[in-house]
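Chemist: I am attaching a structure below and will ask some questions about it afterwards.
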Number of protein chains: 2
Amino acid sequence: MDNFSFYNPTRIVFGKGTIAELDNLIPKTAKILLIYGGGSIKKNGVYEQVMAALGKRKVTEFEGIEPNPFYETCLDAVKIIKQKKIDFLLPVGGGSVIDATKFIAAATFYDGKDTWDILSMQSEVKHAVSFGCVLTLPATGSEMNRGAVITKAETKEKLAFHSDECFPLFSILDPETTYSLPKRQITNGIVDTFVHVIEQYCTFPKRNQLSDRFAESILQTLVEEGSKVMKNPTDYDIKANLMWAATMALNGLIACGQPEDWATHMIGHELTAFYDIDHGVTLSIVLPGLLRVMKKDKLDKLAQLATRVFGISEGTRSERADKAILAIERFFRTVGAPTHLSDVNLDASCIDPIVERFKERGWKLGEKQNINPLKIREILQNRL
Amino acid sequence: MDNFSFYNPTRIVFGKGTIAELDNLIPKTAKILLIYGGGSIKKNGVYEQVMAALGKRKVTEFEGIEPNPFYETCLDAVKIIKQKKIDFLLPVGGGSVIDATKFIAAATFYDGKDTWDILSMQSEVKHAVSFGCVLTLPATGSEMNRGAVITKAETKEKLAFHSDECFPLFSILDPETTYSLPKRQITNGIVDTFVHVIEQYCTFPKRNQLSDRFAESILQTLVEEGSKVMKNPTDYDIKANLMWAATMALNGLIACGQPEDWATHMIGHELTAFYDIDHGVTLSIVLPGLLRVMKKDKLDKLAQLATRVFGISEGTRSERADKAILAIERFFRTVGAPTHLSDVNLDASCIDPIVERFKERGWKLGEKQNINPLKIREILQNRL
């Protein structure tokens, strides 16, 4: 097992009716910026619950965070915070709204020359505006971690940053707020959660029994509940299990003592940046290709995954690994996720710009830093 | 799934050589009270590592915390803290040293009449002295939670308290510090961890897939590594897995959305208070009796445990439940734990004082609050 450190101070308030807890979680004198996306919270009753809980607190609204939040939009929010002397941010929505809030919180107090440096140069975030979240779309895990992904519209760059200053103070998770989610978002959330786990699990063995089994626990929960949720979108326990699984998949827990991959995400980010494909969709397309191309490096963990998550106990390690990859693809299709580039109307011409960008950056990806531009091409060609 | 909240701000620093990190974790100007037990840390090299990391910081030592820490001893430490204007506590040892530190930290700033009220009346702890831990005995989980158990020598009362003020700021877990533990303490640690999980898992089903599977992950890890550790006391990964399992078993994670029992602990505490039996030993004795007497209430979870942890897939639910209880008893004996009162030289005469105390207090135990003094008698009679 590798050395590790684990730190996660976010308070989770989970369950039915918990939005009302905002009144106990936010100071009475707070000047709040309520941050949200396209306005779905005004249709599903969440906005009313939030405003009722906030009572007489001073609230300014900032609407219109994009699904892959734009740097440029975040800067507009920073201006308002400075103008109105806002001292508490309240994102209400999914991972993009929370990610945007993290960047807004960090950029407001940034004392360097250019706030883009937080993303492009990983410049240190020394202080950030306090914020707590109301999560309505389980997927990214942003509600209980210190990372965010932001896109610069101008240059089509999608980059991440991390800071201990950017943990949410609290996150409210009421599974009932997810009842009205469109199928596409449920699918994306399940795939995103699944791939988060795979990135931290499907590498090479470290005799790390507990982190392995915690990861498998999340995958088993996704496979079990993911196959039921579409027919039972208002089953509380199914929604609660999926919501909690998404949070646990990316809060640092299952990474403890493990090598990590993240190549599927890095390649997926480029598909989003260039072709505006949903983040979840990029993952369900890329992952099976990556696992095939990198099978030798991931053989032990793929075989273990086959047995423990999909109940495949027969065959050699190599055969079980192949079956695991097929089982993952089948699972993605069961929950309605595309698994090929052609499913989203992309053909072989989409590959070059992505490969070129990785060449330019000189990045090598994966837990062994051996996924070079040639392998990225091979991975994407596997998904035509 | 029940509503829940989860909050755990303790920073974990895990792995080989991590005691050196103390230098980065404690302010240079801190006036430290180094708190430890019987002095084993002076024989196994831990003391030297700690002192080297602390460098030129001002350190006062407080030795002699008992295995079931005494209230009276804690008060002695409080006096020293006030005299010497100590502002940081550094417990180095196992759960008893950390539990004592939590009480010391709370009692120092307690503004009520009698610090015993923190335990007997659950009086609020408004503020506590800052502290971080070096764990050397994985068992209680105290290194990553907000609770502590303290015994009043004078009245033989063993009571618990909990406070958000009593989370350790950090805990250093170096599995190598556990290489020199005597077998008895390894056994106790494994049993304590196992029973912590059972208290939060073996109740009734709540369709809480993830918490169930996380709990089962810890149990599987204990069964797997527990059977190997005695023959391989210096195998790093075995020790690392057991250490991390102990922390994860009682940091709030697996309790999320679950009913909880804790009757085995409550009955066990009385065996310790009256007859000075090791905490771990009280648990391996009481648990099988409790599961037998309460079998009907716990049937579903016992059957699930049988299948998922011990691989018992045949038989009716009731048969699998019986087999699970036998498998637990067998596991306890495999790791060298007593399972009957006679193993620790107690006979039927030990039962009355315990039953009487629960009668006096009027407490009913268990997840359904239906374990009354009559049932407690039945449980203990099962363990003669």
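Residue names in the structure tokens use chain letters A, B, ... in the order shown, residue numbers from 1 in each chain, and ligand numbers from 1 in the order shown.
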Show me a table, sorted first by chain and then by increasing residue number, of the residues of chain B having an atom at most 10 Å from chain A, each with its shortest atom pair and the distance in Å to one decimal, counting only C-alpha atoms and written as JSON lines.
Modeler:
```
{"residue": "B:Met1", "atom": "CA", "partner": "A:Asp237", "partner_atom": "CA", "distance": 6.0}
{"residue": "B:Asp2", "atom": "CA", "partner": "A:Gly15", "partner_atom": "CA", "distance": 7.1}
{"residue": "B:Asn3", "atom": "CA", "partner": "A:Gly15", "partner_atom": "CA", "distance": 4.4}
{"residue": "B:Phe4", "atom": "CA", "partner": "A:Phe14", "partner_atom": "CA", "distance": 5.3}
{"residue": "B:Ser5", "atom": "CA", "partner": "A:Val13", "partner_atom": "CA", "distance": 4.4}
{"residue": "B:Phe6", "atom": "CA", "partner": "A:Ile12", "partner_atom": "CA", "distance": 5.0}
{"residue": "B:Tyr7", "atom": "CA", "partner": "A:Arg11", "partner_atom": "CA", "distance": 4.5}
{"residue": "B:Asn8", "atom": "CA", "partner": "A:Pro9", "partner_atom": "CA", "distance": 5.8}
{"residue": "B:Pro9", "atom": "CA", "partner": "A:Pro9", "partner_atom": "CA", "distance": 4.0}
{"residue": "B:Thr10", "atom": "CA", "partner": "A:Tyr7", "partner_atom": "CA", "distance": 6.4}
{"residue": "B:Arg11", "atom": "CA", "partner": "A:Tyr7", "partner_atom": "CA", "distance": 4.5}
{"residue": "B:Ile12", "atom": "CA", "partner": "A:Phe6", "partner_atom": "CA", "distance": 5.0}
{"residue": "B:Val13", "atom": "CA", "partner": "A:Ser5", "partner_atom": "CA", "distance": 4.4}
{"residue": "B:Phe14", "atom": "CA", "partner": "A:Phe4", "partner_atom": "CA", "distance": 5.3}
{"residue": "B:Gly15", "atom": "CA", "partner": "A:Asn3", "partner_atom": "CA", "distance": 4.4}
{"residue": "B:Lys16", "atom": "CA", "partner": "A:Asn3", "partner_atom": "CA", "distance": 6.7}
{"residue": "B:Gly17", "atom": "CA", "partner": "A:Asn3", "partner_atom": "CA", "distance": 9.1}
{"residue": "B:Thr18", "atom": "CA", "partner": "A:Asn3", "partner_atom": "CA", "distance": 8.4}
{"residue": "B:Phe170", "atom": "CA", "partner": "A:Tyr7", "partner_atom": "CA", "distance": 8.9}
{"residue": "B:Ser171", "atom": "CA", "partner": "A:Ser5", "partner_atom": "CA", "distance": 9.8}
{"residue": "B:Ile172", "atom": "CA", "partner": "A:Ser5", "partner_atom": "CA", "distance": 9.2}
{"residue": "B:Leu173", "atom": "CA", "partner": "A:Ser5", "partner_atom": "CA", "distance": 9.8}
{"residue": "B:Asp174", "atom": "CA", "partner": "A:Asn3", "partner_atom": "CA", "distance": 9.0}
{"residue": "B:Lys206", "atom": "CA", "partner": "A:Asp237", "partner_atom": "CA", "distance": 8.5}
{"residue": "B:Arg207", "atom": "CA", "partner": "A:Asp237", "partner_atom": "CA", "distance": 6.3}
{"residue": "B:Asn208", "atom": "CA", "partner": "A:Asn241", "partner_atom": "CA", "distance": 6.6}
{"residue": "B:Gln209", "atom": "CA", "partner": "A:Thr221", "partner_atom": "CA", "distance": 6.2}
{"residue": "B:Leu210", "atom": "CA", "partner": "A:Thr221", "partner_atom": "CA", "distance": 6.3}
{"residue": "B:Ser211", "atom": "CA", "partner": "A:Ser217", "partner_atom": "CA", "distance": 8.8}
{"residue": "B:Asp212", "atom": "CA", "partner": "A:Ser217", "partner_atom": "CA", "distance": 8.8}
{"residue": "B:Arg213", "atom": "CA", "partner": "A:Ser217", "partner_atom": "CA", "distance": 5.4}
{"residue": "B:Phe214", "atom": "CA", "partner": "A:Phe214", "partner_atom": "CA", "distance": 5.7}
{"residue": "B:Ala215", "atom": "CA", "partner": "A:Phe214", "partner_atom": "CA", "distance": 9.0}
{"residue": "B:Glu216", "atom": "CA", "partner": "A:Arg213", "partner_atom": "CA", "distance": 8.8}
{"residue": "B:Ser217", "atom": "CA", "partner": "A:Arg213", "partner_atom": "CA", "distance": 5.4}
{"residue": "B:Ile218", "atom": "CA", "partner": "A:Leu210", "partner_atom": "CA", "distance": 6.5}
{"residue": "B:Leu219", "atom": "CA", "partner": "A:Leu210", "partner_atom": "CA", "distance": 9.6}
{"residue": "B:Gln220", "atom": "CA", "partner": "A:Leu210", "partner_atom": "CA", "distance": 8.6}
{"residue": "B:Thr221", "atom": "CA", "partner": "A:Gln209", "partner_atom": "CA", "distance": 6.2}
{"residue": "B:Leu222", "atom": "CA", "partner": "A:Leu210", "partner_atom": "CA", "distance": 9.4}
{"residue": "B:Glu224", "atom": "CA", "partner": "A:Gln209", "partner_atom": "CA", "distance": 9.0}
{"residue": "B:Glu225", "atom": "CA", "partner": "A:Gln209", "partner_atom": "CA", "distance": 9.0}
{"residue": "B:Tyr236", "atom": "CA", "partner": "A:Met1", "partner_atom": "CA", "distance": 8.2}
{"residue": "B:Asp237", "atom": "CA", "partner": "A:Met1", "partner_atom": "CA", "distance": 6.0}
{"residue": "B:Ile238", "atom": "CA", "partner": "A:Arg207", "partner_atom": "CA", "distance": 8.3}
{"residue": "B:Ala240", "atom": "CA", "partner": "A:Met1", "partner_atom": "CA", "distance": 7.2}
{"residue": "B:Asn241", "atom": "CA", "partner": "A:Gln209", "partner_atom": "CA", "distance": 6.5}
{"residue": "B:Leu242", "atom": "CA", "partner": "A:Leu210", "partner_atom": "CA", "distance": 9.0}
{"residue": "B:Trp244", "atom": "CA", "partner": "A:Leu210", "partner_atom": "CA", "distance": 7.7}
{"residue": "B:Ala245", "atom": "CA", "partner": "A:Leu210", "partner_atom": "CA", "distance": 6.9}
{"residue": "B:Met248", "atom": "CA", "partner": "A:Leu210", "partner_atom": "CA", "distance": 9.2}
{"residue": "B:Leu253", "atom": "CA", "partner": "A:Met248", "partner_atom": "CA", "distance": 9.9}
{"residue": "B:Cys256", "atom": "CA", "partner": "A:Phe14", "partner_atom": "CA", "distance": 8.9}
{"residue": "B:Gly257", "atom": "CA", "partner": "A:Phe14", "partner_atom": "CA", "distance": 8.5}
```
Chemist: Residues of range 156-310 of chain A in strand (DSSP E) according to DSSP, as a VMD selection string?
Modeler: chain A and resid 157 to 162 170 to 173
Chemist: Which neighbours of range 277-293 of chain A fall inside 6 Å, counting only C-alpha atoms, when residues of the same chain fewer than 6 positions from it are skipped, and could you give them as JSON, numbers by chain?
Modeler: {"A": [188, 191, 192, 264, 268, 339, 340, 379, 382]}
Chemist: Show me, as a PyMOL selection string, the residues that have an atom within 7 Å of range 28-31 of chain A when counting only C-alpha atoms, minus same-chain residues fewer than 4 positions from it.
Modeler: chain A and resi 57-59+86-88
Chemist: Pick from B:Glu356, B:Gly39, B:Ile26, B:Glu72: nearest to Gly55 in chain B, with only C-alpha atoms counted?
Modeler: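 Once distances to Gly55 in chain B are computed over only C-alpha atoms, the minimum belongs to B:Ile26.
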Chemist: When DSSP is applied to the backbone of this structure, which of range 59-286 of chain B are assigned helix (DSSP H, G or I)? Write them out as a ChimeraX atom specification.
Modeler: /B:71-84,95-108,117-120,142-144,164-166,175-178,183-201,209-229,236-249,263-275,279-286
Chemist: Taking 5 positions as the minimum chain separation for residues in the same chain, which residues sit within 10 Å of Leu374 in chain A when counting only C-alpha atoms? Answer as a list in words.
Modeler: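 Listed by chain and then number, they are Val355, Phe358, Lys359 and Ile379 of chain A.
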Chemist: Restrict the selected residues to C-alpha atoms and save them as a CSV table (one decimal), in the first residue's frame.
Modeler:
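New file again-v8.csv:
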```csv
chain,number,residue,atom,x,y,z
A,355,VAL,CA,-3.8,13.7,-30.6
A,358,PHE,CA,-1.6,16.0,-26.4
A,359,LYS,CA,1.6,16.1,-28.6
A,379,ILE,CA,-7.8,4.2,-28.0
```
Chemist: Calculate how many Å separate CA of Gly147 in chain A from CA of Glu199 in chain A, rounding to one decimal.
Modeler: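 CA of Gly147 in chain A sits 15.5 Å away from CA of Glu199 in chain A.
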Chemist: Fewer than 3 positions away in the same chain doesn't count, so skip those; otherwise give me all residues within 10 Å of range 325-328 of chain B, counting only C-alpha atoms, as a list in words.
Modeler: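 Residues meeting the cut-off are Phe194, Val223, Ser284, Leu287, Pro288, Gly289, Leu290, Leu291, Arg292, Lys295, Leu302, Ala303, Leu305, Ala306, Val309, Phe310, Ile312, Arg320, Ala321, Asp322, Phe331, Phe332, Arg333 and Thr334 of chain B.
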Chemist: Please produce an output containing C-alpha atoms for each residue in the selection, written as a short mmCIF file (atom, residue, chain, number, x, y, z; two decimals), in the first residue's frame.
Modeler:
```
data_model
loop_
_atom_site.label_atom_id
_atom_site.label_comp_id
_atom_site.auth_asym_id
_atom_site.auth_seq_id
_atom_site.Cartn_x
_atom_site.Cartn_y
_atom_site.Cartn_z
CA PHE B 194 -14.86 -6.34 13.88
CA VAL B 223 -11.17 -12.01 8.05
CA SER B 284 -15.53 -11.38 21.65
CA LEU B 287 -21.17 -10.66 20.74
CA PRO B 288 -21.98 -14.31 19.92
CA GLY B 289 -24.46 -14.39 22.83
CA LEU B 290 -26.09 -11.18 21.76
CA LEU B 291 -26.46 -12.35 18.16
CA ARG B 292 -28.05 -15.63 19.33
CA LYS B 295 -31.31 -13.49 16.15
CA LEU B 302 -27.07 -12.09 9.66
CA ALA B 303 -28.01 -14.08 6.56
CA LEU B 305 -23.36 -11.36 6.39
CA ALA B 306 -23.11 -15.15 6.11
CA VAL B 309 -18.47 -12.13 4.27
CA PHE B 310 -18.17 -15.86 4.98
CA ILE B 312 -22.10 -19.27 3.11
CA ARG B 320 -27.36 -19.08 7.33
CA ALA B 321 -27.81 -16.74 10.30
CA ASP B 322 -26.82 -19.56 12.67
CA PHE B 331 -12.96 -16.26 13.52
CA PHE B 332 -12.53 -14.84 17.02
CA ARG B 333 -10.85 -18.07 18.15
CA THR B 334 -8.63 -18.08 15.03
#
```
Chemist: Please provide as an NGL selection string all residues within 8 Å of Val50 in chain A, with the sequence filter that same-chain residues fewer than 5 positions apart are discarded (counting only C-alpha atoms).
Modeler: :A and (19-20 or 22)
Chemist: Calculated over only C-alpha atoms, which of the candidates A:Tyr179, A:Phe167, A:Phe62, A:Phe161 has the smallest distance to Pro91 in chain A?
Modeler: A:Phe62
